[in-house]
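Student: Next comes protein_19.csv, CSV, C-alpha atoms:
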chain,number,residue,atom,x,y,z
A,367,MET,CA,85.2,74.6,199.2
A,368,ILE,CA,86.1,73.7,195.6
A,369,TRP,CA,85.4,77.2,194.6
A,370,LEU,CA,88.2,78.7,196.6
A,371,ARG,CA,90.7,76.4,194.9
A,372,LEU,CA,89.1,77.1,191.5
A,373,ALA,CA,89.3,80.8,192.1
A,374,GLY,CA,93.0,80.6,193.0
A,375,ALA,CA,93.8,78.3,190.1
A,376,PHE,CA,91.9,80.5,187.7
A,377,ALA,CA,93.7,83.7,188.7
A,378,ALA,CA,97.1,81.8,188.5
A,379,LEU,CA,96.1,80.5,185.0
A,380,LEU,CA,95.4,84.1,183.8
A,381,PHE,CA,98.7,85.3,185.2
A,382,GLY,CA,100.5,82.4,183.6
A,383,LEU,CA,98.8,83.0,180.2
A,384,CYS,CA,100.1,86.6,180.3
A,385,THR,CA,103.6,85.8,181.3
A,386,ALA,CA,104.6,82.2,180.3
A,387,PHE,CA,104.8,82.7,176.6
A,388,ARG,CA,106.9,85.8,176.4
A,389,PRO,CA,110.3,85.4,174.5
A,390,LYS,CA,113.1,84.0,176.6
A,391,THR,CA,110.9,82.7,179.4
A,392,PRO,CA,112.8,79.8,181.0
A,393,LEU,CA,111.5,76.2,180.5
A,394,PHE,CA,111.3,75.8,184.3
A,395,TYR,CA,108.6,78.6,184.5
A,396,LYS,CA,106.7,77.2,181.5
A,397,ILE,CA,106.5,73.7,183.1
A,398,ILE,CA,105.1,75.2,186.3
A,399,PHE,CA,102.6,77.1,184.3
A,400,PHE,CA,101.5,73.8,182.6
A,401,GLY,CA,101.1,72.4,186.2
A,402,VAL,CA,98.9,75.3,187.2
A,403,ALA,CA,96.8,74.9,184.0
A,404,SER,CA,96.4,71.2,184.8
A,405,CYS,CA,95.3,72.0,188.3
A,406,PHE,CA,92.8,74.6,187.0
A,407,LEU,CA,91.3,72.0,184.6
A,408,GLY,CA,91.1,69.4,187.5
A,409,SER,CA,89.3,71.9,189.8
A,410,CYS,CA,87.1,73.1,186.9
A,411,HIS,CA,86.0,69.5,186.2
A,412,GLU,CA,85.3,68.9,189.9
A,413,ALA,CA,83.3,72.1,190.2
A,414,LEU,CA,81.3,71.5,187.0
A,415,ALA,CA,80.7,67.9,187.8
A,416,SER,CA,79.4,68.7,191.3
A,417,LEU,CA,76.9,71.1,189.7
A,418,LEU,CA,75.9,69.1,186.6
A,419,ARG,CA,76.5,65.4,187.6
A,420,PRO,CA,77.2,64.9,191.3
A,421,SER,CA,77.5,61.1,190.9
A,422,ALA,CA,80.6,61.6,188.7
A,423,VAL,CA,82.7,63.1,191.6
A,424,GLN,CA,82.2,60.5,194.2
A,425,GLY,CA,85.5,58.9,195.2
A,426,PHE,CA,88.4,59.1,192.8
A,427,HIS,CA,87.4,60.9,189.6
A,428,VAL,CA,89.0,62.3,186.5
A,429,GLY,CA,89.2,65.8,188.0
A,430,TRP,CA,91.9,64.5,190.4
A,431,LEU,CA,94.1,63.7,187.4
A,432,GLY,CA,94.4,67.5,186.9
A,433,HIS,CA,96.0,67.7,190.4
A,434,VAL,CA,98.1,64.6,189.7
A,435,GLY,CA,99.3,66.5,186.6
A,436,LEU,CA,100.2,69.5,188.8
A,437,PHE,CA,102.5,67.4,190.9
A,438,PHE,CA,104.0,65.5,187.9
A,439,PHE,CA,104.8,68.9,186.3
A,440,LEU,CA,106.3,70.2,189.5
A,441,TYR,CA,108.4,67.0,189.8
A,442,SER,CA,109.4,67.3,186.2
A,443,SER,CA,110.4,70.9,186.6
A,444,TYR,CA,112.6,70.0,189.6
A,445,TYR,CA,114.0,66.7,188.3
A,446,GLY,CA,114.3,67.6,184.6
A,447,ALA,CA,115.2,71.3,184.7
A,448,PHE,CA,116.5,72.4,188.1
A,449,ASN,CA,118.0,69.6,190.2
A,450,SER,CA,121.1,69.1,188.1
A,451,LEU,CA,122.0,72.8,188.4
A,452,ALA,CA,122.0,72.6,192.2
A,453,ASP,CA,123.0,69.1,193.1
A,454,SER,CA,125.6,67.1,191.1
A,455,GLY,CA,125.7,64.3,193.7
A,456,GLU,CA,128.5,65.5,196.0
A,457,ARG,CA,128.9,63.7,199.3
A,458,GLU,CA,128.8,66.9,201.3
A,459,PHE,CA,125.1,67.4,200.3
A,460,ARG,CA,124.1,64.0,201.6
A,461,LYS,CA,122.6,65.3,204.9
A,462,TYR,CA,120.3,67.6,202.9
A,463,ARG,CA,119.2,64.7,200.8
A,464,LEU,CA,118.5,62.7,203.9
A,465,ALA,CA,116.5,65.5,205.5
A,466,ALA,CA,114.5,66.0,202.3
A,467,ALA,CA,113.8,62.2,202.2
A,468,ALA,CA,112.5,62.4,205.7
A,469,VAL,CA,110.2,65.2,204.8
A,470,ALA,CA,109.0,63.3,201.7
A,471,ALA,CA,108.4,60.2,203.8
A,472,GLY,CA,106.3,62.3,206.2
A,473,VAL,CA,104.3,63.6,203.2
A,474,LEU,CA,103.8,60.0,202.0
A,475,VAL,CA,102.6,58.9,205.4
A,476,LEU,CA,100.2,61.8,205.6
A,477,GLY,CA,98.7,60.8,202.3
A,478,VAL,CA,98.6,57.1,202.6
A,479,SER,CA,97.2,57.2,206.2
A,480,GLY,CA,94.5,59.6,205.1
A,481,ALA,CA,93.6,57.3,202.2
A,482,LEU,CA,93.5,54.2,204.4
A,483,TRP,CA,91.6,55.9,207.2
A,484,ARG,CA,89.0,58.0,205.3
A,485,TRP,CA,88.3,56.2,202.1
A,486,GLU,CA,86.6,52.9,201.2
A,487,HIS,CA,88.8,52.2,198.2
A,488,PRO,CA,92.2,53.6,199.2
A,489,VAL,CA,94.4,52.3,196.3
A,490,LEU,CA,94.0,55.1,193.8
A,491,LEU,CA,94.3,57.7,196.5
A,492,SER,CA,97.5,56.1,197.7
A,493,LEU,CA,98.8,56.3,194.2
A,494,PHE,CA,97.9,60.0,194.2
A,495,ALA,CA,100.4,60.5,197.0
A,496,LEU,CA,103.3,59.2,194.9
A,497,PRO,CA,103.9,62.2,192.6
A,498,VAL,CA,103.2,64.5,195.5
A,499,THR,CA,105.9,62.8,197.5
A,500,MET,CA,108.4,63.0,194.7
A,501,ALA,CA,107.7,66.7,194.2
A,502,ALA,CA,107.9,67.3,198.0
A,503,TYR,CA,111.3,65.6,198.1
A,504,PHE,CA,112.9,68.0,195.6
A,505,ALA,CA,111.1,71.0,197.0
A,506,ALA,CA,112.4,70.2,200.5
A,507,LYS,CA,115.9,69.3,199.3
A,508,LEU,CA,116.3,72.6,197.4
A,509,LEU,CA,114.8,74.5,200.4
A,510,PHE,CA,117.4,73.0,202.8
A,511,MET,CA,120.5,73.1,200.5
A,512,PRO,CA,123.0,75.9,200.8
A,513,ASP,CA,123.3,78.3,197.9
A,514,VAL,CA,125.6,77.4,194.9
A,515,GLU,CA,127.3,79.7,192.4
A,516,MET,CA,125.2,82.5,190.9
A,517,GLY,CA,122.6,82.3,193.7
A,518,ILE,CA,120.2,80.0,191.8
A,519,ILE,CA,119.0,78.2,195.0
A,520,ALA,CA,118.6,81.4,197.1
A,521,ALA,CA,116.6,83.1,194.3
A,522,MET,CA,114.1,80.3,194.2
A,523,ARG,CA,113.9,79.4,198.0
A,524,THR,CA,110.5,81.1,198.5
A,525,PHE,CA,109.1,79.1,195.6
A,526,HIS,CA,110.4,75.9,197.0
A,527,ALA,CA,108.8,76.6,200.4
A,528,LEU,CA,105.6,77.4,198.7
A,529,ALA,CA,105.7,74.2,196.6
A,530,LEU,CA,106.3,72.1,199.7
A,531,LEU,CA,103.4,73.7,201.4
A,532,LEU,CA,101.2,73.1,198.3
A,533,CYS,CA,102.2,69.4,198.4
A,534,VAL,CA,101.1,69.1,202.1
A,535,VAL,CA,97.9,71.2,201.8
A,536,GLN,CA,96.6,69.4,198.7
A,537,LEU,CA,97.5,66.0,200.0
A,538,ALA,CA,95.7,66.7,203.3
A,539,GLN,CA,92.7,68.1,201.4
A,540,PHE,CA,92.3,65.1,199.1
A,541,CYS,CA,93.4,62.2,201.2
A,542,TRP,CA,91.8,63.3,204.5
A,543,SER,CA,88.9,65.2,203.0
A,544,PRO,CA,88.2,67.2,206.2
A,545,ALA,CA,84.9,69.0,206.7
A,546,GLY,CA,84.0,72.1,208.7
A,547,LEU,CA,86.5,74.8,209.6
A,548,THR,CA,89.6,72.7,208.9
A,549,GLY,CA,88.2,72.0,205.4
A,550,TRP,CA,87.6,75.7,204.8
A,551,LEU,CA,91.0,76.7,206.1
A,552,LEU,CA,92.7,74.1,203.9
A,553,ALA,CA,90.7,75.1,200.8
A,554,ALA,CA,91.6,78.8,201.4
A,555,ALA,CA,95.2,78.0,201.9
A,556,ASP,CA,95.1,75.9,198.7
A,557,GLY,CA,93.6,78.7,196.7
A,558,ALA,CA,96.1,81.3,198.1
A,559,LEU,CA,99.1,79.0,197.4
A,560,LEU,CA,98.0,78.4,193.8
A,561,LEU,CA,97.5,82.1,193.4
A,562,ALA,CA,101.0,82.9,194.7
A,563,ALA,CA,102.8,80.1,192.9
A,564,LEU,CA,103.4,81.7,189.5
A,565,PRO,CA,104.2,85.2,190.7
A,566,VAL,CA,106.7,83.9,193.3
A,567,ALA,CA,108.3,81.5,190.7
A,568,ARG,CA,108.5,84.5,188.3
A,569,MET,CA,110.3,86.7,190.8
A,570,GLY,CA,112.7,83.9,191.5
A,571,VAL,CA,113.4,83.2,187.9
A,572,ARG,CA,114.0,86.9,187.2
A,573,LYS,CA,116.6,87.1,190.0
A,574,TRP,CA,118.1,83.9,188.7
A,575,PHE,CA,118.6,85.3,185.2
A,576,THR,CA,119.8,88.8,186.2
B,813,MET,CA,79.2,48.3,162.7
B,814,VAL,CA,82.4,50.0,163.9
B,815,TYR,CA,84.6,47.6,161.9
B,816,ILE,CA,82.5,48.3,158.7
B,817,ILE,CA,83.1,52.0,159.1
B,818,PHE,CA,86.8,51.3,159.8
B,819,ILE,CA,87.1,49.4,156.5
B,820,CYS,CA,85.3,52.1,154.6
B,821,PHE,CA,87.8,54.7,155.8
B,822,ALA,CA,91.0,52.5,155.8
B,823,VAL,CA,90.9,51.1,152.3
B,824,PRO,CA,90.7,54.5,150.4
B,825,ILE,CA,93.3,56.0,152.7
B,826,LEU,CA,95.6,53.1,152.2
B,827,LEU,CA,95.2,53.4,148.4
B,828,LEU,CA,95.8,57.1,148.5
B,829,MET,CA,99.0,56.6,150.6
B,830,THR,CA,100.7,54.6,147.9
B,831,LEU,CA,100.7,57.8,145.6
B,832,LEU,CA,102.0,60.3,148.2
B,833,ASP,CA,105.4,61.5,149.2
B,834,ARG,CA,106.9,60.7,152.6
B,835,GLN,CA,105.6,63.6,154.7
B,836,ALA,CA,102.0,63.4,153.3
B,837,ARG,CA,102.1,59.6,153.7
B,838,LEU,CA,103.2,59.9,157.3
B,839,LEU,CA,100.4,62.3,158.1
B,840,LEU,CA,97.7,60.1,156.5
B,841,GLY,CA,99.2,57.0,158.0
B,842,PHE,CA,98.9,58.6,161.5
B,843,MET,CA,95.4,59.6,160.7
B,844,LEU,CA,94.6,56.0,159.9
B,845,LEU,CA,96.3,55.0,163.2
B,846,GLY,CA,93.9,57.5,164.9
B,847,ILE,CA,91.0,55.7,163.3
B,848,LEU,CA,92.3,52.3,164.4
B,849,VAL,CA,92.8,53.7,167.9
B,850,ALA,CA,89.2,54.8,168.0
B,851,VAL,CA,88.1,51.3,167.2
B,852,SER,CA,90.2,49.9,170.0
B,853,ALA,CA,88.9,52.6,172.4
B,854,TYR,CA,85.3,51.7,171.4
B,855,GLU,CA,85.9,48.0,172.3
B,856,ILE,CA,87.6,48.8,175.6
B,857,ASN,CA,85.0,51.4,176.7
B,858,THR,CA,82.2,48.9,175.8
B,859,MET,CA,83.9,46.1,177.8
B,860,VAL,CA,84.4,48.4,180.8
B,861,GLN,CA,80.8,49.5,180.6
B,862,LEU,CA,79.6,45.9,180.7
B,863,ILE,CA,81.9,44.9,183.5
B,864,LEU,CA,81.1,48.0,185.7
B,865,GLY,CA,77.5,48.3,184.7
B,866,MET,CA,77.8,52.0,184.0
B,867,SER,CA,75.6,54.2,181.8
B,868,GLY,CA,77.0,55.5,178.4
B,869,GLN,CA,77.2,59.1,179.8
B,870,ASP,CA,79.1,57.9,182.9
B,871,ILE,CA,81.5,56.0,180.7
B,872,SER,CA,82.2,59.1,178.6
B,873,ILE,CA,82.9,61.3,181.6
B,874,ARG,CA,84.6,58.8,184.0
B,875,VAL,CA,86.4,56.2,181.8
B,876,ALA,CA,86.7,57.3,178.2
B,877,PRO,CA,89.0,60.3,178.7
B,878,ILE,CA,91.6,58.0,180.4
B,879,VAL,CA,91.3,55.1,177.9
B,880,GLU,CA,91.2,57.3,174.8
B,881,GLU,CA,94.1,59.6,175.8
B,882,LEU,CA,96.3,56.7,176.7
B,883,LEU,CA,95.6,54.9,173.4
B,884,LYS,CA,96.0,58.0,171.3
B,885,ALA,CA,99.4,58.7,172.8
B,886,LEU,CA,100.8,55.2,172.0
B,887,PRO,CA,101.4,55.7,168.2
B,888,VAL,CA,103.2,59.0,168.8
B,889,LEU,CA,105.2,57.5,171.6
B,890,PHE,CA,106.4,54.5,169.5
B,891,TYR,CA,107.2,56.8,166.6
B,892,ALA,CA,109.1,59.2,168.8
B,893,ALA,CA,111.1,56.4,170.5
B,894,LEU,CA,111.9,54.2,167.5
B,895,LEU,CA,111.8,56.0,164.2
B,896,CYS,CA,111.6,59.8,164.6
B,897,GLU,CA,114.7,61.8,163.4
B,898,ASP,CA,113.1,65.2,163.1
B,899,ARG,CA,111.3,66.2,166.3
B,900,LYS,CA,109.4,69.0,164.4
B,901,THR,CA,107.3,66.4,162.6
B,902,LEU,CA,105.9,65.0,165.9
B,903,MET,CA,103.3,67.7,166.6
B,904,PRO,CA,101.5,67.5,163.2
B,905,LEU,CA,101.6,63.7,163.5
B,906,ALA,CA,100.1,63.8,167.0
B,907,MET,CA,97.3,66.1,165.7
B,908,SER,CA,96.7,63.7,162.8
B,909,VAL,CA,96.1,60.8,165.3
B,910,GLY,CA,93.6,63.0,167.2
B,911,ILE,CA,91.8,64.1,164.0
B,912,GLY,CA,91.6,60.5,162.7
B,913,PHE,CA,90.1,59.5,166.0
B,914,ALA,CA,87.5,62.2,165.8
B,915,LEU,CA,86.6,61.2,162.2
B,916,MET,CA,85.9,57.7,163.3
B,917,GLU,CA,83.9,58.8,166.4
B,918,ASN,CA,81.8,61.2,164.4
B,919,ALA,CA,81.0,58.6,161.7
B,920,PHE,CA,80.1,56.0,164.3
B,921,LEU,CA,77.8,58.5,166.2
B,922,LEU,CA,76.3,59.7,162.9
B,923,ILE,CA,75.2,56.2,162.0
B,924,THR,CA,74.1,55.2,165.5
B,925,TYR,CA,71.9,58.2,166.0
B,926,MET,CA,70.9,58.8,162.4
B,927,ASP,CA,67.4,59.9,163.3
B,928,ARG,CA,68.6,62.6,165.8
B,929,VAL,CA,71.4,64.3,163.9
B,930,SER,CA,71.1,67.6,162.1
B,931,LEU,CA,73.3,70.1,160.2
B,932,GLY,CA,74.0,71.9,163.5
B,933,TRP,CA,75.1,68.7,165.1
B,934,ALA,CA,77.5,68.1,162.2
B,935,VAL,CA,79.0,71.6,162.5
B,936,VAL,CA,79.4,71.3,166.2
B,937,ARG,CA,81.0,67.9,166.2
B,938,GLY,CA,83.1,68.8,163.1
B,939,PHE,CA,84.7,71.7,164.9
B,940,SER,CA,84.6,71.0,168.6
B,941,THR,CA,85.1,67.2,168.8
B,942,SER,CA,87.8,67.2,166.1
B,943,LEU,CA,89.7,70.0,167.8
B,944,SER,CA,89.2,68.5,171.3
B,945,HIS,CA,90.7,65.2,170.2
B,946,GLY,CA,93.4,66.9,168.1
B,947,MET,CA,94.4,69.4,170.8
B,948,CYS,CA,94.7,66.7,173.5
B,949,THR,CA,96.9,64.5,171.4
B,950,LEU,CA,98.9,67.6,170.3
B,951,SER,CA,99.7,68.4,173.9
B,952,VAL,CA,101.1,64.9,174.5
B,953,GLY,CA,103.0,65.2,171.2
B,954,TYR,CA,104.6,68.4,172.5
B,955,GLY,CA,106.0,66.4,175.4
B,956,MET,CA,107.3,63.6,173.1
B,957,GLN,CA,109.6,66.1,171.5
B,958,PHE,CA,111.8,65.9,174.6
B,959,LEU,CA,112.1,62.1,174.4
B,960,LYS,CA,115.6,62.0,172.8
B,961,LEU,CA,116.6,65.6,173.7
B,962,GLN,CA,116.0,65.7,177.5
B,963,LYS,CA,115.2,62.3,178.8
B,964,LYS,CA,114.8,63.3,182.4
B,965,LEU,CA,112.2,65.9,181.4
B,966,PHE,CA,110.4,63.5,179.2
B,967,TYR,CA,110.0,60.6,181.6
B,968,THR,CA,108.4,62.9,184.3
B,969,GLY,CA,106.7,65.5,182.1
B,970,ILE,CA,104.9,63.0,179.9
B,971,PHE,CA,102.7,61.9,182.8
B,972,GLY,CA,101.8,65.5,183.5
B,973,LEU,CA,100.9,66.1,179.9
B,974,LEU,CA,98.8,62.9,179.8
B,975,SER,CA,97.0,64.1,183.0
B,976,LEU,CA,96.4,67.5,181.4
B,977,ALA,CA,95.0,65.9,178.2
B,978,MET,CA,92.7,63.5,180.1
B,979,THR,CA,91.3,66.3,182.3
B,980,PHE,CA,90.7,68.6,179.3
B,981,HIS,CA,88.9,65.7,177.6
B,982,ALA,CA,86.8,65.0,180.7
B,983,VAL,CA,85.8,68.7,181.0
B,984,PHE,CA,84.8,68.8,177.4
B,985,ASN,CA,82.8,65.6,177.6
B,986,LEU,CA,81.1,66.8,180.7
B,987,LEU,CA,80.1,70.2,179.2
B,988,ILE,CA,79.1,68.9,175.8
B,989,GLN,CA,76.5,66.6,177.5
B,990,SER,CA,75.1,69.3,179.7
B,991,PRO,CA,72.7,72.3,179.1
B,992,TYR,CA,76.0,74.3,178.7
B,993,ASP,CA,77.0,72.4,175.5
B,994,TRP,CA,77.8,75.7,173.8
B,995,LEU,CA,80.5,76.2,176.4
B,996,GLY,CA,81.9,72.8,175.7
B,997,MET,CA,81.9,73.6,172.0
B,998,LEU,CA,83.8,76.8,172.6
B,999,LEU,CA,86.4,75.3,174.9
B,1000,PRO,CA,88.5,73.5,172.2
B,1001,ILE,CA,87.9,76.2,169.6
B,1002,VAL,CA,89.3,78.9,172.0
B,1003,THR,CA,92.2,76.7,173.0
B,1004,TYR,CA,93.0,76.0,169.3
B,1005,LEU,CA,92.9,79.7,168.4
B,1006,GLY,CA,95.2,80.5,171.4
B,1007,PHE,CA,97.6,77.8,170.2
B,1008,TRP,CA,97.4,79.0,166.6
B,1009,VAL,CA,98.2,82.7,167.7
B,1010,PHE,CA,101.1,81.4,169.8
B,1011,HIS,CA,102.5,79.2,167.1
B,1012,ALA,CA,102.2,82.0,164.5
B,1013,ARG,CA,104.0,84.5,166.8
B,1014,GLN,CA,106.7,81.9,167.4
B,1015,ARG,CA,107.3,81.4,163.7
B,1016,LYS,CA,107.3,85.1,163.1
B,1017,ASN,CA,109.9,85.6,165.9
B,1018,GLY,CA,111.9,82.7,164.5
B,1019,ALA,CA,111.9,84.3,161.0
B,1020,CYS,CA,113.0,87.7,162.4
B,1021,SER,CA,115.9,86.4,164.5
Would you put the structure from the file into structure tokens?

Tutor:
Amino acid sequence: MIWLRLAGAFAALLFGLCTAFRPKTPLFYKIIFFGVASCFLGSCHEALASLLRPSAVQGFHVGWLGHVGLFFFLYSSYYGAFNSLADSGEREFRKYRLAAAAVAAGVLVLGVSGALWRWEHPVLLSLFALPVTMAAYFAAKLLFMPDVEMGIIAAMRTFHALALLLCVVQLAQFCWSPAGLTGWLLAAADGALLLAALPVARMGVRKWFT
Amino acid sequence: MVYIIFICFAVPILLLMTLLDRQARLLLGFMLLGILVAVSAYEINTMVQLILGMSGQDISIRVAPIVEELLKALPVLFYAALLCEDRKTLMPLAMSVGIGFALMENAFLLITYMDRVSLGWAVVRGFSTSLSHGMCTLSVGYGMQFLKLQKKLFYTGIFGLLSLAMTFHAVFNLLIQSPYDWLGMLLPIVTYLGFWVFHARQRKNGACS
């Protein structure tokens, strides 16, 4: 299953290497590229360790930090680079914030319940759910919010939906660790979402800047 | 043994530092800090190994990347937060910490495995391990540039960069101890060349505009 995610992350990494370092590329896009690179390294570590040293990938392992990095970068791109453009704290947007908080709480419950139910040592896995929840909050908020001046939110809405899906899929994959058909479906979805993340973000960023 | 090597490195570097100007002194000072960090990392890794009863290889794959990257980031973080006025100096200083760390690690391994080392070993470690440690700390140093400029971006992004550095380090350690050690050796070299080309292009663009 790991190979599907690795393939998606590798293709995304190649796409990012070709596009992220061109002149005038927005910081938002570069941060997402770093996230994808981190996810690729995490998947790479997991795949290599399962081939070369299977004992190193039992339970929480360093490869997971690559995925933690993806969500920290995603959170960073939202909180540090995007959020202030869309939401300056007006009262009228409160309902969207509450709706996003409800979605993020759902994501947290999904992660923590999986960690408690499926794993012998759930503490580190529960911590893994924290950056995912924070990224999911911003992705959901920006997905629900109405458009502001210059169409920034509308231009990026597909990316926000994709980012939210990525949060749910990766959290379900790691914390619930499903086997069989569900596991394969989640792994395929994970690979496809990673593959699509950068091209979709690039399309949005292009609309945003034109 | 590790403290004897530390003294052998630290004393000449400290003596040299008294003769240099500010920028060169800073670079050497951070290299010395990298050496000190390597000593601390050695102690922590040994302690964790004893407590958890893990093998040396397990420690280098599962624990060392986390401990070492956190420790290497600390001098750069303190400098960026308390003293730094010119953020452009941060990346060379971060690289210095990584290179100092690699120097100490190489010297320690050389003395510990004296009967097994060769010229090839020295070349491989000289290039790959130094660049691996250097590039990992450099990536964290890149994030430190935003500490005073864009606080929101820094507080969240630095964890991402640390995770990236730890994972890169773990992949390198995994490969270098496997039958695919040549791939492990190539990883930091290719990354460094990519960074070098990018940096050169950026400078050229900056000079043109």

Student: For B:Tyr967, find every residue with an atom within 12 Å (counting only C-alpha atoms), except residues of its own chain fewer than 4 positions away, and show them as a ChimeraX atom specification.

Tutor: /A:438-439,441-443,445-446 /B:889,893,955-963,971-974

Student: For the interface of chain B with chain A (cut-off 9 Å, counting all atoms listed in the file), please tabulate each contacting residue of chain B alongside its nearest pair of atoms and their separation in Å to one decimal, rows sorted by chain and increasing number, as a tab-separated table.

Tutor:
residue	atom	partner	partner_atom	distance
B:Asp870	CA	A:Ala422	CA	7.0
B:Ile873	CA	A:Ala422	CA	7.5
B:Arg874	CA	A:Val428	CA	6.2
B:Val875	CA	A:Val428	CA	8.1
B:Pro877	CA	A:Val428	CA	8.1
B:Ile878	CA	A:Val428	CA	7.9
B:Gln962	CA	A:Gly446	CA	7.5
B:Lys963	CA	A:Gly446	CA	7.9
B:Lys964	CA	A:Gly446	CA	4.9
B:Leu965	CA	A:Gly446	CA	4.2
B:Phe966	CA	A:Gly446	CA	7.8
B:Tyr967	CA	A:Ser442	CA	8.1
B:Thr968	CA	A:Ser442	CA	4.9
B:Gly969	CA	A:Ser442	CA	5.2
B:Ile970	CA	A:Phe438	CA	8.4
B:Phe971	CA	A:Phe438	CA	6.4
B:Gly972	CA	A:Gly435	CA	4.1
B:Leu973	CA	A:Gly435	CA	6.9
B:Leu974	CA	A:Gly435	CA	7.7
B:Ser975	CA	A:Gly435	CA	4.9
B:Leu976	CA	A:Ser404	CA	5.0
B:Ala977	CA	A:Ser404	CA	8.6
B:Met978	CA	A:Leu431	CA	7.4
B:Thr979	CA	A:Gly432	CA	5.7
B:Phe980	CA	A:Leu407	CA	6.3
B:Ala982	CA	A:Val428	CA	6.8
B:Val983	CA	A:His411	CA	5.3
B:Phe984	CA	A:His411	CA	8.9
B:Leu986	CA	A:Ala415	CA	7.2
B:Leu987	CA	A:Leu414	CA	8.0
B:Ser990	CA	A:Leu418	CA	6.9
B:Pro991	CA	A:Leu418	CA	8.8
B:Phe1010	CA	A:Phe387	CA	7.8
B:Gln1014	CA	A:Pro389	CA	8.7
B:Asn1017	CA	A:Pro389	CA	8.6

Student: Excluding same-chain residues fewer than 3 positions from stretch 849-864 of chain B, what lies within 8 Å of it counting all atoms listed in the file, as a PDB file with C-alpha atoms, keeping the file's coordinate frame?

Tutor:
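And here is the file that came out, part_28.pdb:
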ATOM      1  CA  VAL B 814      82.400  50.000 163.900  1.00  0.00           C
ATOM      2  CA  TYR B 815      84.600  47.600 161.900  1.00  0.00           C
ATOM      3  CA  PHE B 818      86.800  51.300 159.800  1.00  0.00           C
ATOM      4  CA  LEU B 845      96.300  55.000 163.200  1.00  0.00           C
ATOM      5  CA  GLY B 846      93.900  57.500 164.900  1.00  0.00           C
ATOM      6  CA  SER B 867      75.600  54.200 181.800  1.00  0.00           C
ATOM      7  CA  GLY B 868      77.000  55.500 178.400  1.00  0.00           C
ATOM      8  CA  ILE B 871      81.500  56.000 180.700  1.00  0.00           C
ATOM      9  CA  VAL B 875      86.400  56.200 181.800  1.00  0.00           C
ATOM     10  CA  ALA B 876      86.700  57.300 178.200  1.00  0.00           C
ATOM     11  CA  VAL B 879      91.300  55.100 177.900  1.00  0.00           C
ATOM     12  CA  GLU B 880      91.200  57.300 174.800  1.00  0.00           C
ATOM     13  CA  LEU B 883      95.600  54.900 173.400  1.00  0.00           C
ATOM     14  CA  LYS B 884      96.000  58.000 171.300  1.00  0.00           C
ATOM     15  CA  PHE B 913      90.100  59.500 166.000  1.00  0.00           C
ATOM     16  CA  ALA B 914      87.500  62.200 165.800  1.00  0.00           C
ATOM     17  CA  MET B 916      85.900  57.700 163.300  1.00  0.00           C
ATOM     18  CA  GLU B 917      83.900  58.800 166.400  1.00  0.00           C
TER      19      GLU B 917
END

Student: B:Gly910: which residues within 12 Å, counting all atoms listed in the file, same-chain residues fewer than 2 positions away excluded, as a PyMOL selection string?

Tutor: chain B and resi 839-840+842-850+880-888+903-908+912-917+941-953+977+981

Student: Print the selection's residues with C-alpha atoms to a file, as a CSV table (one decimal), in the frame of the given file.

Tutor:
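That gives us part.csv:
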chain,number,residue,atom,x,y,z
B,839,LEU,CA,100.4,62.3,158.1
B,840,LEU,CA,97.7,60.1,156.5
B,842,PHE,CA,98.9,58.6,161.5
B,843,MET,CA,95.4,59.6,160.7
B,844,LEU,CA,94.6,56.0,159.9
B,845,LEU,CA,96.3,55.0,163.2
B,846,GLY,CA,93.9,57.5,164.9
B,847,ILE,CA,91.0,55.7,163.3
B,848,LEU,CA,92.3,52.3,164.4
B,849,VAL,CA,92.8,53.7,167.9
B,850,ALA,CA,89.2,54.8,168.0
B,880,GLU,CA,91.2,57.3,174.8
B,881,GLU,CA,94.1,59.6,175.8
B,882,LEU,CA,96.3,56.7,176.7
B,883,LEU,CA,95.6,54.9,173.4
B,884,LYS,CA,96.0,58.0,171.3
B,885,ALA,CA,99.4,58.7,172.8
B,886,LEU,CA,100.8,55.2,172.0
B,887,PRO,CA,101.4,55.7,168.2
B,888,VAL,CA,103.2,59.0,168.8
B,903,MET,CA,103.3,67.7,166.6
B,904,PRO,CA,101.5,67.5,163.2
B,905,LEU,CA,101.6,63.7,163.5
B,906,ALA,CA,100.1,63.8,167.0
B,907,MET,CA,97.3,66.1,165.7
B,908,SER,CA,96.7,63.7,162.8
B,912,GLY,CA,91.6,60.5,162.7
B,913,PHE,CA,90.1,59.5,166.0
B,914,ALA,CA,87.5,62.2,165.8
B,915,LEU,CA,86.6,61.2,162.2
B,916,MET,CA,85.9,57.7,163.3
B,917,GLU,CA,83.9,58.8,166.4
B,941,THR,CA,85.1,67.2,168.8
B,942,SER,CA,87.8,67.2,166.1
B,943,LEU,CA,89.7,70.0,167.8
B,944,SER,CA,89.2,68.5,171.3
B,945,HIS,CA,90.7,65.2,170.2
B,946,GLY,CA,93.4,66.9,168.1
B,947,MET,CA,94.4,69.4,170.8
B,948,CYS,CA,94.7,66.7,173.5
B,949,THR,CA,96.9,64.5,171.4
B,950,LEU,CA,98.9,67.6,170.3
B,951,SER,CA,99.7,68.4,173.9
B,952,VAL,CA,101.1,64.9,174.5
B,953,GLY,CA,103.0,65.2,171.2
B,977,ALA,CA,95.0,65.9,178.2
B,981,HIS,CA,88.9,65.7,177.6

Student: Calculate how many Å separate atom CA of A:Ala466 from atom CA of A:Val534, rounding to one decimal.

Tutor: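 Result for atom CA of A:Ala466 versus atom CA of A:Val534: 13.8 Å, one decimal.
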
Student: Find the spatial neighbours of stretch 568-571 of chain A, counting all atoms listed in the file, within a cut-off of 9 Å - ignore same-chain residues fewer than 4 positions away - and output them as a list in words.

Tutor: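 Contacts, in chain order: Thr385, Thr391, Pro392, Phe394, Tyr395, Ile518, Ala520, Ala521, Met522, Arg523, Thr524, Phe525, Ala563, Leu564, Phe575 and Thr576 of chain A.
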